[in-house]
$ cat input.cif   # mmCIF, C-alpha atoms
data_run
loop_
_atom_site.label_atom_id
_atom_site.label_comp_id
_atom_site.auth_asym_id
_atom_site.auth_seq_id
_atom_site.Cartn_x
_atom_site.Cartn_y
_atom_site.Cartn_z
CA MET A 1 89.79 43.28 160.05
CA LEU A 2 91.02 46.89 159.75
CA LEU A 3 93.28 45.98 156.82
CA GLN A 4 90.43 44.18 155.08
CA ILE A 5 88.38 47.38 155.23
CA ARG A 6 91.22 49.81 154.46
CA TYR A 7 92.51 48.40 151.15
CA PRO A 8 89.12 48.01 149.42
CA LEU A 9 88.40 51.57 150.57
CA VAL A 10 91.68 52.86 149.03
CA ARG A 11 90.90 51.08 145.76
CA PHE A 12 87.39 52.59 145.78
CA LEU A 13 88.72 56.09 146.42
CA ARG A 14 91.25 55.79 143.60
CA THR A 15 88.60 54.52 141.21
CA PHE A 16 86.19 57.25 142.30
CA SER A 17 88.84 59.95 141.86
CA SER A 18 89.75 58.65 138.42
CA THR A 19 86.09 58.57 137.35
CA LYS A 20 85.42 61.96 138.88
CA ASN A 21 88.20 63.60 136.83
CA GLU A 22 87.60 61.69 133.60
CA ALA A 23 87.47 63.92 130.53
CA ILE A 24 84.06 64.64 129.03
CA HIS A 25 84.28 65.23 125.28
CA ARG A 26 82.03 67.29 123.02
CA ILE A 27 82.28 67.91 119.28
CA ILE A 28 80.46 70.96 117.95
CA TYR A 29 79.98 72.26 114.43
CA SER A 30 78.77 75.72 113.44
CA SER A 31 76.41 75.87 110.48
CA SER A 32 76.88 79.65 110.28
CA THR A 33 79.59 81.28 108.18
CA ASN A 34 79.23 84.64 109.93
CA ILE A 35 82.54 85.56 111.61
CA TRP A 36 80.86 87.56 114.39
CA PHE A 37 78.63 84.61 115.32
CA ASN A 38 81.51 82.13 115.24
CA LEU A 39 83.80 84.28 117.39
CA ALA A 40 80.90 84.80 119.80
CA THR A 41 80.26 81.04 119.91
CA GLU A 42 83.89 80.30 120.67
CA GLU A 43 83.84 82.86 123.47
CA TRP A 44 80.56 81.53 124.88
CA LEU A 45 81.90 77.96 124.88
CA SER A 46 85.02 79.19 126.71
CA LYS A 47 83.04 81.00 129.38
CA THR A 48 80.59 78.16 130.01
CA ILE A 49 82.93 75.17 129.81
CA GLN A 50 82.36 72.66 132.61
CA PRO A 51 85.03 70.96 134.73
CA ASN A 52 86.66 68.04 132.85
CA GLU A 53 85.18 69.12 129.51
CA HIS A 54 87.15 68.84 126.27
CA ILE A 55 85.54 70.56 123.27
CA LEU A 56 86.38 70.34 119.58
CA PHE A 57 84.69 73.20 117.70
CA LEU A 58 84.80 73.22 113.89
CA TRP A 59 83.66 76.23 111.88
CA GLN A 60 84.09 78.27 108.73
CA ASN A 61 83.75 81.95 107.82
CA ASP A 62 82.60 83.71 104.70
CA LYS A 63 84.68 86.64 103.41
CA CYS A 64 86.14 88.57 106.35
CA VAL A 65 89.26 90.19 107.73
CA ILE A 66 90.06 89.45 111.37
CA ILE A 67 92.44 91.77 113.19
CA GLY A 68 94.22 91.35 116.50
CA ARG A 69 93.15 92.96 119.76
CA ASN A 70 95.52 95.93 119.44
CA GLN A 71 95.63 96.40 115.69
CA ASN A 72 94.64 99.44 113.67
CA PRO A 73 92.14 98.49 110.93
CA TRP A 74 93.09 101.56 108.87
CA LYS A 75 96.66 100.34 108.80
CA GLU A 76 95.98 96.66 108.18
CA CYS A 77 93.08 96.71 105.71
CA PHE A 78 91.60 98.41 102.67
CA LEU A 79 88.37 99.21 104.46
CA GLU A 80 86.58 100.83 101.53
CA ARG A 81 87.23 97.82 99.28
CA MET A 82 85.95 95.54 102.03
CA GLU A 83 82.80 97.60 102.47
CA MET A 84 82.09 97.60 98.73
CA ASP A 85 82.62 93.83 98.43
CA GLY A 86 80.72 92.83 101.57
CA VAL A 87 83.83 91.66 103.45
CA LEU A 88 83.19 91.80 107.20
CA LEU A 89 85.71 93.26 109.63
CA ALA A 90 86.12 91.45 112.94
CA ARG A 91 88.35 92.11 115.93
CA ARG A 92 89.26 89.20 118.16
CA ARG A 93 90.15 89.49 121.84
CA SER A 94 93.53 87.82 121.40
CA GLY A 95 96.61 89.39 119.85
CA GLY A 96 98.38 88.55 116.63
CA GLY A 97 98.14 89.81 113.08
CA ALA A 98 95.45 90.50 110.51
CA VAL A 99 94.19 87.56 108.45
CA TYR A 100 91.79 87.20 105.55
CA GLN A 101 89.36 84.28 105.59
CA ASP A 102 86.73 82.96 103.22
CA LEU A 103 85.04 79.63 102.51
CA GLY A 104 88.45 78.27 101.52
CA ASN A 105 89.39 78.15 105.21
CA THR A 106 88.48 75.56 107.83
CA CYS A 107 88.69 76.83 111.41
CA PHE A 108 89.31 74.65 114.46
CA THR A 109 89.20 75.22 118.20
CA PHE A 110 90.46 72.81 120.86
CA LEU A 111 89.10 73.90 124.22
CA ILE A 112 89.58 72.25 127.61
CA SER A 113 88.71 72.98 131.20
CA GLN A 114 91.85 73.51 133.26
CA ALA A 115 90.27 72.19 136.44
CA HIS A 116 91.98 68.80 136.12
CA HIS A 117 93.52 68.74 132.63
CA GLN A 118 96.16 70.50 130.54
CA LEU A 119 96.10 71.52 126.89
CA ASP A 120 98.44 69.46 124.70
CA LYS A 121 99.17 71.61 121.65
CA ASN A 122 101.33 68.98 119.97
CA LEU A 123 98.61 66.35 120.38
CA ASN A 124 96.08 68.72 118.82
CA SER A 125 98.41 69.32 115.88
CA LYS A 126 98.87 65.58 115.49
CA ILE A 127 95.08 65.15 115.30
CA LEU A 128 95.01 67.63 112.40
CA LEU A 129 98.01 66.11 110.63
CA ASP A 130 96.64 62.58 111.00
CA ALA A 131 93.34 63.74 109.49
CA LEU A 132 95.12 65.18 106.47
CA GLN A 133 97.30 62.10 106.05
CA SER A 134 94.60 59.46 106.44
CA ARG A 135 91.86 61.09 104.35
CA PHE A 136 93.73 63.19 101.79
CA ASN A 137 97.25 61.69 101.74
CA ILE A 138 98.72 65.09 102.63
CA GLU A 139 101.86 64.87 104.74
CA GLY A 140 102.37 68.03 106.76
CA ARG A 141 104.53 68.73 109.77
CA ILE A 142 104.82 71.09 112.72
CA GLU A 143 107.09 74.08 112.19
CA GLY A 144 108.01 76.34 115.08
CA ARG A 145 105.44 77.02 117.79
CA ASN A 146 102.35 77.83 115.79
CA ASP A 147 102.48 76.63 112.18
CA LEU A 148 101.83 73.54 110.09
CA VAL A 149 103.75 73.43 106.82
CA TYR A 150 104.04 71.33 103.68
CA GLY A 151 106.99 70.34 101.51
CA PRO A 152 110.70 71.16 101.53
CA GLN A 153 109.98 74.87 101.15
CA LYS A 154 107.95 74.74 104.36
CA ARG A 155 104.94 76.43 102.84
CA LYS A 156 102.46 77.29 105.57
CA PHE A 157 98.91 75.96 105.45
CA SER A 158 97.91 76.45 109.09
CA GLY A 159 98.54 78.98 111.81
CA SER A 160 97.51 78.76 115.45
CA ALA A 161 97.10 80.91 118.53
CA TYR A 162 96.67 80.03 122.19
CA GLN A 163 94.92 81.41 125.23
CA ASN A 164 95.26 80.32 128.85
CA THR A 165 93.11 81.36 131.78
CA ARG A 166 92.43 79.80 135.17
CA GLN A 167 89.20 78.35 133.82
CA PHE A 168 90.14 77.13 130.35
CA ALA A 169 92.88 76.68 127.77
CA LEU A 170 92.23 77.28 124.09
CA HIS A 171 94.10 76.36 120.91
CA HIS A 172 92.58 77.69 117.70
CA GLY A 173 93.61 78.26 114.12
CA THR A 174 92.84 77.71 110.45
CA LEU A 175 93.59 75.19 107.75
CA ILE A 176 93.93 76.82 104.32
CA THR A 177 92.26 74.62 101.72
CA SER A 178 91.33 76.93 98.82
CA VAL A 179 91.46 80.51 100.04
CA ASP A 180 91.29 83.29 97.42
CA THR A 181 94.89 84.51 97.50
CA ASN A 182 94.05 87.45 95.22
CA ALA A 183 91.54 88.59 97.84
CA MET A 184 94.27 88.42 100.48
CA LYS A 185 96.29 90.90 98.41
CA LYS A 186 93.22 93.01 97.70
CA TYR A 187 92.10 93.53 101.30
CA LEU A 188 95.27 93.19 103.39
CA ASN A 189 98.56 95.03 103.87
CA PRO A 190 98.17 98.55 102.50
CA ASN A 191 101.20 100.72 101.91
CA LYS A 192 103.15 100.83 105.17
CA GLU A 193 104.04 104.49 104.49
CA LYS A 194 100.35 105.35 104.48
CA LEU A 195 99.95 105.52 108.23
CA ILE A 196 102.08 106.27 111.25
CA SER A 197 100.73 104.04 113.96
CA LYS A 198 101.43 102.71 117.41
CA GLY A 199 99.53 99.52 116.59
CA VAL A 200 100.92 96.11 115.65
CA ASP A 201 101.89 95.34 112.04
CA SER A 202 101.04 92.02 110.40
CA VAL A 203 103.66 89.89 108.70
CA GLN A 204 102.67 88.43 105.36
CA ALA A 205 103.59 84.74 105.29
CA ARG A 206 104.25 82.38 102.40
CA VAL A 207 101.23 80.09 102.24
CA ILE A 208 99.92 77.15 100.22
CA ASN A 209 96.37 76.06 99.53
CA LEU A 210 95.97 72.38 100.35
CA CYS A 211 93.91 71.95 97.17
CA GLU A 212 97.23 72.38 95.33
CA VAL A 213 98.32 69.12 96.95
CA ASN A 214 94.97 67.30 96.75
CA PRO A 215 92.23 68.95 94.64
CA SER A 216 89.51 66.85 96.30
CA ILE A 217 89.88 68.48 99.73
CA ASN A 218 86.86 70.46 100.97
CA HIS A 219 85.51 71.84 104.24
CA LYS A 220 82.91 69.14 104.89
CA ASP A 221 85.22 66.17 104.30
CA LEU A 222 88.06 67.83 106.19
CA CYS A 223 85.85 68.40 109.24
CA LEU A 224 84.73 64.77 109.18
CA ALA A 225 88.36 63.67 108.93
CA ILE A 226 89.30 65.85 111.91
CA GLU A 227 86.36 64.50 113.89
CA ASN A 228 87.37 60.90 113.10
CA SER A 229 90.99 61.61 114.04
CA TYR A 230 89.83 63.19 117.30
CA ARG A 231 87.67 60.15 118.11
CA GLU A 232 90.53 57.77 117.35
CA THR A 233 92.89 59.77 119.55
CA TYR A 234 90.43 59.56 122.45
CA SER A 235 89.07 56.12 121.59
CA ASN A 236 89.08 55.08 125.26
CA HIS A 237 86.48 57.80 126.00
CA HIS A 238 82.82 57.87 125.16
CA ILE A 239 82.23 60.76 122.76
CA PRO A 240 78.60 61.50 121.89
CA SER A 241 77.41 62.50 118.43
CA ALA A 242 78.48 65.91 117.22
CA LYS A 243 76.14 68.85 117.79
CA ILE A 244 75.41 71.59 115.27
CA LEU A 245 74.91 75.21 116.31
CA SER A 246 73.15 77.66 114.00
CA GLN A 247 72.69 81.41 114.16
CA GLU A 248 69.12 80.83 115.37
CA THR A 249 70.75 79.78 118.66
CA LEU A 250 71.19 83.49 119.45
CA HIS A 251 67.52 83.80 120.32
CA SER A 252 67.67 81.13 123.03
CA ILE A 253 71.03 81.80 124.71
CA PRO A 254 71.35 85.32 126.20
CA GLU A 255 75.09 84.99 126.92
CA LEU A 256 75.80 84.01 123.31
CA HIS A 257 73.64 86.86 122.03
CA ALA A 258 75.57 89.33 124.22
CA SER A 259 78.89 88.14 122.78
CA TYR A 260 77.52 88.43 119.26
CA GLN A 261 76.40 92.00 119.95
CA LEU A 262 79.95 92.86 121.05
CA TYR A 263 81.73 91.34 118.06
CA SER A 264 79.33 92.90 115.55
CA ASP A 265 79.45 96.34 117.19
CA ALA A 266 81.23 99.04 115.16
CA GLN A 267 82.77 100.57 118.28
CA TRP A 268 84.47 97.26 119.10
CA ARG A 269 85.62 96.64 115.53
CA PHE A 270 86.81 100.13 114.64
CA GLY A 271 87.49 101.35 118.14
CA GLN A 272 90.07 99.84 120.50
CA THR A 273 92.67 101.43 118.23
CA PHE A 274 95.80 103.31 119.22
CA SER A 275 96.44 106.80 117.87
CA PHE A 276 97.32 107.19 114.20
CA THR A 277 97.88 109.86 111.58
CA HIS A 278 96.83 109.72 107.93
CA GLU A 279 97.96 112.36 105.43
CA TYR A 280 97.32 112.53 101.70
CA GLU A 281 97.32 115.07 98.89
CA ARG A 282 96.00 115.34 95.34
CA ARG A 283 95.85 117.81 92.50
CA PHE A 284 92.42 118.31 90.88
CA PRO A 285 91.56 120.53 87.88
CA TRP A 286 90.06 123.02 90.35
CA GLY A 287 93.03 123.02 92.73
CA THR A 288 95.26 121.05 95.12
CA ILE A 289 93.92 119.69 98.38
CA SER A 290 95.84 118.17 101.31
CA ILE A 291 94.11 116.38 104.18
CA GLY A 292 95.59 115.42 107.55
CA ILE A 293 93.59 113.14 109.86
CA VAL A 294 94.58 112.47 113.48
CA SER A 295 92.79 109.91 115.62
CA GLU A 296 93.82 109.83 119.26
CA ARG A 297 91.94 106.61 119.96
CA ASP A 298 89.04 104.40 118.85
CA GLY A 299 89.13 105.51 115.21
CA ILE A 300 87.49 108.86 115.93
CA ILE A 301 88.68 111.86 113.89
CA HIS A 302 89.89 114.18 116.64
CA THR A 303 91.87 116.53 114.41
CA CYS A 304 91.25 117.32 110.76
CA GLU A 305 93.33 119.79 108.81
CA ILE A 306 92.48 120.58 105.19
CA TYR A 307 94.70 122.80 103.04
CA SER A 308 93.81 123.88 99.52
CA ASP A 309 94.50 126.60 96.97
CA SER A 310 90.87 126.37 95.86
CA LEU A 311 88.94 129.63 95.73
CA TYR A 312 85.98 128.03 97.51
CA VAL A 313 87.03 128.62 101.10
CA ASN A 314 83.56 128.01 102.55
CA MET A 315 83.36 124.51 101.11
CA ILE A 316 86.72 123.57 102.65
CA SER A 317 85.69 124.92 106.07
CA ARG A 318 82.36 123.10 106.00
CA LEU A 319 84.01 119.81 105.07
CA LYS A 320 86.49 120.10 107.91
CA GLU A 321 83.70 120.78 110.44
CA ASN A 322 81.66 117.80 109.22
CA LEU A 323 84.58 115.37 109.36
CA LEU A 324 85.53 116.18 112.95
CA GLY A 325 84.22 113.69 115.48
CA GLN A 326 83.30 111.05 112.91
CA ILE A 327 84.51 107.44 112.92
CA TYR A 328 87.04 107.07 110.13
CA THR A 329 84.98 104.67 107.99
CA GLY A 330 83.66 104.85 104.46
CA GLU A 331 80.07 105.30 105.57
CA SER A 332 80.93 108.16 107.93
CA ILE A 333 83.01 109.87 105.23
CA ARG A 334 80.12 109.61 102.79
CA GLN A 335 77.72 111.11 105.31
CA ALA A 336 80.10 113.99 106.12
CA CYS A 337 80.63 114.77 102.44
CA GLN A 338 76.92 114.59 101.63
CA ARG A 339 76.20 116.88 104.59
CA THR A 340 78.74 119.34 103.21
CA ARG A 341 77.21 119.04 99.75
CA SER A 342 73.83 120.06 101.12
CA GLN A 343 75.38 123.10 102.82
CA VAL A 344 77.03 124.64 99.75
CA GLU A 345 75.13 126.47 97.04
CA SER A 346 77.00 126.37 93.74
CA GLU A 347 77.09 123.38 91.42
CA GLN A 348 80.84 123.83 91.17
CA GLU A 349 81.24 123.31 94.93
CA LYS A 350 78.94 120.28 94.86
CA SER A 351 81.03 118.78 92.06
CA MET A 352 84.19 119.44 94.05
CA ILE A 353 82.72 117.66 97.08
CA ASP A 354 81.94 114.66 94.89
CA ASP A 355 85.56 114.62 93.71
CA VAL A 356 86.89 114.81 97.27
CA GLU A 357 84.52 112.11 98.56
CA ALA A 358 85.52 109.63 95.82
CA TRP A 359 89.20 110.39 96.45
CA ILE A 360 89.09 110.00 100.26
CA LEU A 361 87.29 106.69 99.95
CA THR A 362 90.18 105.30 97.90
CA GLN A 363 92.61 106.26 100.68
CA ILE A 364 90.90 104.46 103.56
#
$ encode --input "input.cif" --output "structure tokens"
Amino acid sequence: MLLQIRYPLVRFLRTFSSTKNEAIHRIIYSSSTNIWFNLATEEWLSKTIQPNEHILFLWQNDKCVIIGRNQNPWKECFLERMEMDGVLLARRRSGGGAVYQDLGNTCFTFLISQAHHQLDKNLNSKILLDALQSRFNIEGRIEGRNDLVYGPQKRKFSGSAYQNTRQFALHHGTLITSVDTNAMKKYLNPNKEKLISKGVDSVQARVINLCEVNPSINHKDLCLAIENSYRETYSNHHIPSAKILSQETLHSIPELHASYQLYSDAQWRFGQTFSFTHEYERRFPWGTISIGIVSERDGIIHTCEIYSDSLYVNMISRLKENLLGQIYTGESIRQACQRTRSQVESEQEKSMIDDVEAWILTQI
């Protein structure tokens, strides 16, 4: 009698344990192309993931440059060009190098709860490769730890990064479909002699746009192909219909709104930077001027030295005073120069300030 009770009970407990730890899948799309919102959404999903959950998050960003947690934006980017062209600067929490993204990128995030499951990076890569093969007849392969490449020259079309915590594991990256490679050159990798920095330098990689292999590829069809590949990979699980998150979600989810406020905050984006020095010099018709900027941390101008053979000593002194304590951004430089302009009297000095302002903005 005891055996008759025991073995059905063991079978029940095994079945219950298996059901209890069964993966719960969610597929989420972002309808926003704002990098700050999408980074905030990824962070919010990570913080609120439930035990046994597996999440596939697909998204896309309009023109932006994303730098690593410990990078110096003045070293990695042409900030003034970005500001003029409406290219957003974002800083992620994870490390790594600076990347340019636009609507020619498709971003993916595989996110799982680590309560009872482990992240399989190779399986995730296979889901992406199968999507490209089945829908677009593009045969890529895994190269090294983080990249997906195409062809005998191993041209990179995808890079990945990973994050592990006690609560969750995350694998995210991009697929390059039709990114503006001229924009990459325009906004990234300024002259390495320009700054002396303790930050982390980016390495420019040889890349290929997947539209060079198949001109029909686009973000919408690629996301659907990835979703289908994901569903086929986990075909023994029930996966509900995909959900779409929009930027209007911010108004109803306080935690998401808080993350968005962080990522969009200038102190987060321009701050969090190690010390750096920036020195430059130019000869104008009215004289030579040399400027030395030192930021000890967070992009604040802590030391500003200006040397010039100009006869207008007062203008030089005023400019130095107005630059001190400012964040080293185009907007702050403009404000400091305009403040100086209002403090000098002669039209010659005002014209000189205009020259200096335009020149400094080309150096940032």
$ residues_around --input "input.cif" --residues "Glu248 (chain A)" --least-positions-apart "6" --cutoff "12 Å" --atoms "only C-alpha atoms" --output "PDB file with C-alpha atoms, in the coordinates of the input"
ATOM      1  CA  SER A  30      78.770  75.720 113.440  1.00  0.00           C
ATOM      2  CA  SER A  31      76.410  75.870 110.480  1.00  0.00           C
ATOM      3  CA  SER A  32      76.880  79.650 110.280  1.00  0.00           C
ATOM      4  CA  PHE A  37      78.630  84.610 115.320  1.00  0.00           C
ATOM      5  CA  PRO A 254      71.350  85.320 126.200  1.00  0.00           C
ATOM      6  CA  LEU A 256      75.800  84.010 123.310  1.00  0.00           C
ATOM      7  CA  HIS A 257      73.640  86.860 122.030  1.00  0.00           C
ATOM      8  CA  TYR A 260      77.520  88.430 119.260  1.00  0.00           C
TER       9      TYR A 260
END
$ closest_residue --input "input.cif" --among "A:Cys223, A:Ile364, A:Ala258, A:Val207" --to "Glu279 (chain A)" --atoms "only C-alpha atoms"
A:Ile364
$ residues_around --input "input.cif" --residues "Ala169 (chain A)" --least-positions-apart "4" --cutoff "8 Å" --atoms "all atoms listed in the file" --output "list in words"
Leu111, Ile112, Ser113, Gln114, Gln118, Leu119, Tyr162, Gln163, Asn164 and Thr165 of chain A
$ closest_residue --input "input.cif" --among "A:Glu232, A:His251, A:Lys220, A:Met315" --to "Ser346 (chain A)" --atoms "only C-alpha atoms"
A:Met315
$ residues_around --input "input.cif" --residues "Phe136 (chain A)" --least-positions-apart "6" --cutoff "12 Å" --atoms "only C-alpha atoms" --output "number ranges by chain"
A: 128-130, 177, 210-218, 221-222, 224-226
$ resolve_selection --input "input.cif" --expression "the PyMOL selection byres ((chain A and resi 180-185) around 12)" --output "number ranges by chain"
A: 62-66, 76-78, 81-82, 85, 87, 98-105, 176-179, 186-191, 204-209, 211
$ atom_distance --input "input.cif" --atom1 "CA of Asn52 (chain A)" --atom2 "CA of His116 (chain A)"
6.3 Å
$ residues_around --input "input.cif" --residues "His172 (chain A)" --least-positions-apart "2" --cutoff "8 Å" --atoms "only C-alpha atoms" --output "PyMOL selection string"
chain A and resi 107-110+160-162+170+174
$ resolve_selection --input "input.cif" --expression "the PyMOL selection byres ((chain A and resi 318) around 10)" --output "PyMOL selection string"
chain A and resi 313-317+319-323+336-337+339-341+343-344
$ closest_residue --input "input.cif" --among "A:Gly151, A:Gly173, A:Gly86, A:Gly159" --to "Gln60 (chain A)" --atoms "all atoms listed in the file"
A:Gly173
$ residues_around --input "input.cif" --residues "Pro73 (chain A)" --least-positions-apart "6" --cutoff "9 Å" --atoms "all atoms listed in the file" --output "VMD selection string"
chain A and resid 67 79 89 91 98 269 to 270 273 299
$ atom_distance --input "input.cif" --atom1 "CA of Ile28 (chain A)" --atom2 "CA of Lys243 (chain A)"
4.8 Å
$ closest_residue --input "input.cif" --among "A:Glu345, A:Asp354, A:Glu281, A:Asp265" --to "Ala90 (chain A)" --atoms "all atoms listed in the file"
A:Asp265
$ atom_distance --input "input.cif" --atom1 "CA of Leu311 (chain A)" --atom2 "CA of Trp286 (chain A)"
8.6 Å
$ closest_residue --input "input.cif" --among "A:Arg334, A:Asn72, A:Met352, A:Gly325" --to "Tyr312 (chain A)" --atoms "all atoms listed in the file"
A:Met352
$ residues_near_point --input "input.cif" --point "(85.7, 107.7, 113.0)" --cutoff "7 Å" --atoms "all atoms listed in the file" --output "ChimeraX atom specification"
/A:299-301,325-329,332
$ resolve_selection --input "input.cif" --expression "the PyMOL selection byres ((chain A and resi 255) around 12)" --output "ChimeraX atom specification"
/A:40-48,249-254,256-262
